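**Q** Coordinates in work.cif, mmCIF, C-alpha atoms and all ligand atoms, are listed below.
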```cif
data_upload
#
loop_
_atom_site.group_PDB
_atom_site.id
_atom_site.type_symbol
_atom_site.label_atom_id
_atom_site.label_comp_id
_atom_site.auth_asym_id
_atom_site.auth_seq_id
_atom_site.Cartn_x
_atom_site.Cartn_y
_atom_site.Cartn_z
ATOM 1 C CA MET A 17 0.000 0.000 0.000
ATOM 2 C CA LYS A 18 1.931 3.015 -1.332
ATOM 3 C CA LEU A 19 1.165 6.668 -0.788
ATOM 4 C CA SER A 20 0.595 8.336 -4.199
ATOM 5 C CA GLN A 21 2.581 11.459 -5.134
ATOM 6 C CA THR A 22 -0.650 13.496 -4.939
ATOM 7 C CA GLU A 23 -1.420 12.197 -1.430
ATOM 8 C CA LYS A 24 2.170 12.841 -0.340
ATOM 9 C CA LYS A 25 1.896 16.416 -1.620
ATOM 10 C CA ILE A 26 -1.387 17.017 0.227
ATOM 11 C CA ILE A 27 0.225 15.856 3.491
ATOM 12 C CA THR A 28 3.526 17.716 2.930
ATOM 13 C CA ASN A 29 1.773 20.975 2.026
ATOM 14 C CA ALA A 30 -0.324 20.798 5.200
ATOM 15 C CA ILE A 31 2.725 20.699 7.511
ATOM 16 C CA ARG A 32 3.878 24.174 8.613
ATOM 17 C CA ASP A 33 7.554 25.019 9.145
ATOM 18 C CA ILE A 34 8.309 27.270 12.128
ATOM 19 C CA LYS A 35 11.857 28.635 12.057
ATOM 20 C CA ASP A 36 13.907 28.850 15.268
ATOM 21 C CA PHE A 37 11.381 27.027 17.509
ATOM 22 C CA PRO A 38 11.884 26.036 20.300
ATOM 23 C CA GLN A 39 15.447 27.301 19.864
ATOM 24 C CA PRO A 40 17.574 29.011 17.196
ATOM 25 C CA GLY A 41 18.618 26.741 14.336
ATOM 26 C CA ILE A 42 15.672 24.321 14.622
ATOM 27 C CA ILE A 43 12.968 24.186 11.947
ATOM 28 C CA PHE A 44 9.968 22.906 13.874
ATOM 29 C CA LYS A 45 7.532 20.790 11.874
ATOM 30 C CA ASP A 46 4.099 21.939 13.040
ATOM 31 C CA ILE A 47 1.470 19.232 12.484
ATOM 32 C CA THR A 48 -1.445 21.268 13.937
ATOM 33 C CA THR A 49 -2.043 22.625 10.413
ATOM 34 C CA LEU A 50 -2.340 19.048 9.166
ATOM 35 C CA LEU A 51 -4.786 18.113 11.923
ATOM 36 C CA ASN A 52 -7.125 21.046 11.283
ATOM 37 C CA ASN A 53 -7.096 20.384 7.521
ATOM 38 C CA LYS A 54 -9.808 17.748 7.052
ATOM 39 C CA GLU A 55 -8.577 16.693 3.597
ATOM 40 C CA ALA A 56 -4.946 16.204 4.672
ATOM 41 C CA TYR A 57 -5.849 14.546 7.984
ATOM 42 C CA GLY A 58 -8.270 12.258 6.127
ATOM 43 C CA VAL A 59 -5.692 11.289 3.473
ATOM 44 C CA LEU A 60 -3.134 10.543 6.191
ATOM 45 C CA MET A 61 -5.403 8.437 8.423
ATOM 46 C CA ASN A 62 -6.929 6.565 5.480
ATOM 47 C CA HIS A 63 -3.460 5.662 4.190
ATOM 48 C CA LEU A 64 -2.362 4.444 7.622
ATOM 49 C CA TYR A 65 -5.548 2.379 7.933
ATOM 50 C CA GLN A 66 -5.157 0.789 4.466
ATOM 51 C CA LYS A 67 -1.501 -0.026 5.114
ATOM 52 C CA TYR A 68 -1.748 -1.376 8.663
ATOM 53 C CA LYS A 69 -5.003 -3.326 8.373
ATOM 54 C CA GLU A 70 -2.870 -6.004 6.642
ATOM 55 C CA TYR A 71 -0.493 -6.334 9.624
ATOM 56 C CA ASN A 72 -2.772 -8.117 12.117
ATOM 57 C CA LEU A 73 -1.629 -5.793 14.873
ATOM 58 C CA ASP A 74 -2.688 -6.213 18.496
ATOM 59 C CA PHE A 75 -1.874 -2.693 19.770
ATOM 60 C CA ILE A 76 -0.749 0.741 18.676
ATOM 61 C CA ALA A 77 1.716 2.437 21.038
ATOM 62 C CA GLY A 78 1.945 6.237 20.724
ATOM 63 C CA ILE A 79 4.755 8.478 21.961
ATOM 64 C CA ASP A 80 3.914 11.428 24.255
ATOM 65 C CA ALA A 81 2.280 13.635 23.059
ATOM 66 C CA ARG A 82 1.762 13.990 19.301
ATOM 67 C CA GLY A 83 2.008 10.233 18.788
ATOM 68 C CA PHE A 84 -1.186 9.950 20.861
ATOM 69 C CA ILE A 85 -3.202 11.877 18.275
ATOM 70 C CA PHE A 86 -2.393 9.684 15.261
ATOM 71 C CA GLY A 87 -1.972 6.499 17.297
ATOM 72 C CA ALA A 88 -5.261 6.637 19.168
ATOM 73 C CA ALA A 89 -7.203 7.485 15.992
ATOM 74 C CA LEU A 90 -5.568 4.624 14.064
ATOM 75 C CA ALA A 91 -6.126 2.105 16.874
ATOM 76 C CA GLN A 92 -9.827 2.921 16.835
ATOM 77 C CA MET A 93 -10.011 2.568 13.022
ATOM 78 C CA LEU A 94 -8.251 -0.822 13.220
ATOM 79 C CA GLY A 95 -10.420 -1.971 16.143
ATOM 80 C CA ILE A 96 -7.438 -2.591 18.455
ATOM 81 C CA GLY A 97 -6.131 -1.154 21.745
ATOM 82 C CA PHE A 98 -3.952 1.915 22.263
ATOM 83 C CA VAL A 99 -1.044 2.208 24.709
ATOM 84 C CA PRO A 100 0.518 5.565 25.681
ATOM 85 C CA ILE A 101 4.296 5.781 26.128
ATOM 86 C CA ARG A 102 4.762 8.792 28.392
ATOM 87 C CA LYS A 103 7.394 11.133 29.746
ATOM 88 C CA LYS A 104 8.600 10.106 33.200
ATOM 89 C CA GLY A 105 6.258 10.637 36.138
ATOM 90 C CA LYS A 106 2.946 10.788 34.241
ATOM 91 C CA LEU A 107 1.729 7.178 34.397
ATOM 92 C CA PRO A 108 -0.029 6.212 37.656
ATOM 93 C CA TYR A 109 0.507 2.416 37.858
ATOM 94 C CA THR A 110 3.760 0.365 37.991
ATOM 95 C CA THR A 111 5.982 1.287 35.052
ATOM 96 C CA ILE A 112 9.142 0.231 33.292
ATOM 97 C CA SER A 113 11.321 3.019 31.984
ATOM 98 C CA GLU A 114 14.101 3.707 29.526
ATOM 99 C CA LYS A 115 16.578 6.594 29.492
ATOM 100 C CA TYR A 116 17.873 8.148 26.272
ATOM 101 C CA SER A 117 20.241 10.920 25.296
ATOM 102 C CA LEU A 118 19.133 14.287 24.018
ATOM 103 C CA GLU A 119 21.388 16.850 22.374
ATOM 104 C CA TYR A 120 21.929 18.239 25.866
ATOM 105 C CA GLY A 121 21.300 15.850 28.744
ATOM 106 C CA ILE A 122 19.112 12.821 29.280
ATOM 107 C CA ASP A 123 15.371 12.134 29.130
ATOM 108 C CA GLU A 124 13.267 9.169 30.223
ATOM 109 C CA ILE A 125 10.040 7.578 28.982
ATOM 110 C CA GLU A 126 7.807 4.987 30.614
ATOM 111 C CA VAL A 127 5.094 2.446 29.876
ATOM 112 C CA HIS A 128 2.814 0.545 32.239
ATOM 113 C CA LEU A 129 4.301 -2.852 33.053
ATOM 114 C CA ASP A 130 1.068 -4.669 32.147
ATOM 115 C CA ALA A 131 0.114 -2.522 29.128
ATOM 116 C CA PHE A 132 0.301 -5.384 26.589
ATOM 117 C CA SER A 133 -0.240 -8.328 28.955
ATOM 118 C CA SER A 134 -3.770 -9.197 27.779
ATOM 119 C CA ILE A 135 -2.281 -10.649 24.551
ATOM 120 C CA PRO A 136 0.840 -12.881 24.767
ATOM 121 C CA HIS A 137 3.685 -11.667 22.462
ATOM 122 C CA ALA A 138 1.419 -8.889 21.188
ATOM 123 C CA LYS A 139 2.261 -7.350 17.788
ATOM 124 C CA VAL A 140 2.702 -3.633 18.341
ATOM 125 C CA LEU A 141 3.054 -0.683 15.959
ATOM 126 C CA LEU A 142 4.879 2.320 17.420
ATOM 127 C CA ILE A 143 3.762 5.777 16.221
ATOM 128 C CA ASP A 144 5.052 9.332 16.538
ATOM 129 C CA ASP A 145 4.718 12.489 14.432
ATOM 130 C CA LEU A 146 8.419 12.831 13.613
ATOM 131 C CA ILE A 147 11.761 11.035 13.860
ATOM 132 C CA ALA A 148 14.839 13.229 14.298
ATOM 133 C CA THR A 149 17.805 11.574 16.072
ATOM 134 C CA GLY A 150 15.652 8.512 16.789
ATOM 135 C CA GLY A 151 16.556 8.524 20.491
ATOM 136 C CA THR A 152 12.966 8.713 21.697
ATOM 137 C CA ALA A 153 11.645 6.066 19.309
ATOM 138 C CA ASN A 154 14.533 3.698 19.980
ATOM 139 C CA ALA A 155 13.864 3.889 23.727
ATOM 140 C CA ALA A 156 10.126 3.388 23.080
ATOM 141 C CA ALA A 157 10.705 0.304 20.898
ATOM 142 C CA LYS A 158 12.938 -1.179 23.600
ATOM 143 C CA LEU A 159 10.254 -0.534 26.233
ATOM 144 C CA ILE A 160 7.604 -2.323 24.148
ATOM 145 C CA ASN A 161 9.859 -5.364 23.844
ATOM 146 C CA GLN A 162 10.775 -5.252 27.567
ATOM 147 C CA ALA A 163 7.064 -5.211 28.399
ATOM 148 C CA GLY A 164 6.781 -8.653 26.734
ATOM 149 C CA ALA A 165 5.383 -7.471 23.387
ATOM 150 C CA ASN A 166 6.921 -7.284 19.925
ATOM 151 C CA CYS A 167 7.486 -3.906 18.256
ATOM 152 C CA VAL A 168 6.972 -4.948 14.623
ATOM 153 C CA GLU A 169 7.332 -1.475 13.076
ATOM 154 C CA ALA A 170 7.754 2.194 13.936
ATOM 155 C CA CYS A 171 5.763 4.699 11.862
ATOM 156 C CA PHE A 172 6.308 8.455 11.565
ATOM 157 C CA VAL A 173 4.469 11.092 9.568
ATOM 158 C CA ILE A 174 7.791 12.929 9.024
ATOM 159 C CA GLY A 175 11.349 11.612 8.833
ATOM 160 C CA LEU A 176 14.329 13.994 9.006
ATOM 161 C CA ASN A 177 16.746 12.403 6.533
ATOM 162 C CA PHE A 178 19.705 14.633 7.431
ATOM 163 C CA LEU A 179 20.021 12.897 10.803
ATOM 164 C CA ASP A 180 20.871 9.223 11.378
ATOM 165 C CA GLY A 181 17.690 8.469 13.334
ATOM 166 C CA ILE A 182 16.006 6.233 10.769
ATOM 167 C CA LYS A 183 19.205 4.290 10.072
ATOM 168 C CA ASN A 184 19.818 3.756 13.798
ATOM 169 C CA LEU A 185 16.246 2.749 14.601
ATOM 170 C CA LYS A 186 16.314 0.146 11.793
ATOM 171 C CA GLN A 187 18.681 -1.851 14.008
ATOM 172 C CA THR A 188 15.825 -2.270 16.518
ATOM 173 C CA THR A 189 12.685 -2.447 14.338
ATOM 174 C CA ASN A 190 11.264 -1.775 10.848
ATOM 175 C CA VAL A 191 10.759 1.905 10.081
ATOM 176 C CA TYR A 192 8.122 3.572 7.888
ATOM 177 C CA THR A 193 7.920 7.334 7.181
ATOM 178 C CA LEU A 194 5.214 8.992 5.062
ATOM 179 C CA VAL A 195 7.174 12.108 4.102
ATOM 180 C CA GLU A 196 10.888 12.738 4.308
ATOM 181 C CA VAL A 197 12.733 16.018 4.780
ATOM 182 C CA ASP A 198 16.252 16.280 3.289
HETATM 183 P P1 LIG B 201 14.301 12.371 18.422
HETATM 184 O O1 LIG B 201 14.309 11.561 19.691
HETATM 185 O O2 LIG B 201 15.520 13.220 18.268
HETATM 186 O O3 LIG B 201 14.031 11.505 17.212
HETATM 187 O O4 LIG B 201 13.125 13.430 18.551
HETATM 188 C C1 LIG B 201 11.827 13.054 18.264
HETATM 189 C C2 LIG B 201 10.823 13.775 19.142
HETATM 190 O O5 LIG B 201 11.061 15.171 19.203
HETATM 191 C C3 LIG B 201 9.450 13.586 18.540
HETATM 192 O O6 LIG B 201 8.528 13.301 19.566
HETATM 193 C C4 LIG B 201 9.170 14.888 17.815
HETATM 194 O O7 LIG B 201 7.832 15.250 17.996
HETATM 195 C C5 LIG B 201 10.108 15.918 18.455
HETATM 196 N N1 LIG B 201 10.879 16.694 17.445
HETATM 197 C C6 LIG B 201 12.218 16.636 17.226
HETATM 198 N N2 LIG B 201 12.599 17.474 16.257
HETATM 199 C C7 LIG B 201 11.479 18.086 15.821
HETATM 200 C C8 LIG B 201 11.198 19.064 14.784
HETATM 201 N N3 LIG B 201 12.167 19.594 14.018
HETATM 202 N N4 LIG B 201 9.916 19.443 14.604
HETATM 203 C C9 LIG B 201 8.927 18.922 15.364
HETATM 204 N N5 LIG B 201 9.122 18.013 16.340
HETATM 205 C C10 LIG B 201 10.381 17.595 16.579
#
```
Let me see the file written as structure tokens.
Ligand code: AMP
**A**
Amino acid sequence: MKLSQTEKKIITNAIRDIKDFPQPGIIFKDITTLLNNKEAYGVLMNHLYQKYKEYNLDFIAGIDARGFIFGAALAQMLGIGFVPIRKKGKLPYTTISEKYSLEYGIDEIEVHLDAFSSIPHAKVLLIDDLIATGGTANAAAKLINQAGANCVEACFVIGLNFLDGIKNLKQTTNVYTLVEVD
């Protein structure tokens, strides 16, 4: 199930670039203009549904916070459960956690220990809006596997090709990006 050039263009054109946010030198990819554009949001979600309905997935796991938007919507379309992977300190029950490096310092994400336990060796798709260095997604994929499930693929609306994130994450799981930025 391939995204056509027209569909790719509709999605790309709906993403807004914000220069120097949240700090100088960063071009922030703003997906709020994709979400409030019913045509672009529809094209995106329909493509994800058509592609992933073939995978026999058990869960979608979304990364805090923009991964929740696409992930929860897709899980509902596929008729499967959704699991949030959150920044440290947000989940109320027993968690497992994974640290990862940022450009400056260290961050940590968590998942509930029993999040996937209703289905043995559950097949999980990981979702976020964007992959940059891949640090967050790599930690999230590891967490899914540590929780007893199987991260079969990681999906991103946007992939930043000028960083090594996609290449690095491919060592842990399959990677799919809808639009790439060079
Ligand atoms: P990374 O761990 O470096 O792959 O960073 C990915 C996370 O940071 C994702 O959750 C993205 O939403 C966010 N992020 C990183 N860079 C950008 C960017 N240029 N525009 C929008 N979000 C970004």
**Q** Find, counting all atoms listed in the file, the residue in A:Asp130, A:Glu124, A:Asp145, A:Glu114 that gets nearest to ligand LIG 201 (chain B).
**A**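 Ranking A:Asp130, A:Glu124, A:Asp145, A:Glu114 by distance to ligand LIG 201 (chain B), first place goes to A:Asp145.
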**Q** List the residues selected by the PyMOL selection byres (((not hetatm)) within 9 of (chain B and resi 201)) in the file shown, writing them as a PyMOL selection string.
**A** chain A and resi 33-34+37-38+42-47+79-83+116-119+144-155+174-176+179+181-182
**Q** Enter the distance from atom CA of A:Leu64 to atom CA of A:Leu185, in Å, rounded to one decimal.
**A**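 About the pair atom CA of A:Leu64 and atom CA of A:Leu185: they are 19.9 Å apart.
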**Q** Using all atoms listed in the file, which of A:Leu194, A:Ile135, A:Ala77, A:Ile31 sits nearest A:Ala157?
**A**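 Residue with the minimum atom-to-atom distance to A:Ala157: A:Ala77.
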**Q** With distances taken over only C-alpha atoms, which of A:Phe178, A:Leu90, A:Leu51, A:Val140 is nearest to A:Asp198?
**A**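 That would be A:Phe178, the residue with the smallest distance to A:Asp198.
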**Q** Return the single residue from A:Lys69, A:Gly78, A:Val195, A:Tyr57 that is closest to A:Met17, with distances computed using only C-alpha atoms.
**A**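 Answer, going by the shortest atom-to-atom distance: A:Lys69.
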**Q** Decode the PyMOL selection byres (((chain A and resi 91) around 10) and not hetatm) for the given file into explicit residues and return them as a ChimeraX atom specification.
**A** /A:65,68,73-78,86-90,92-99,141
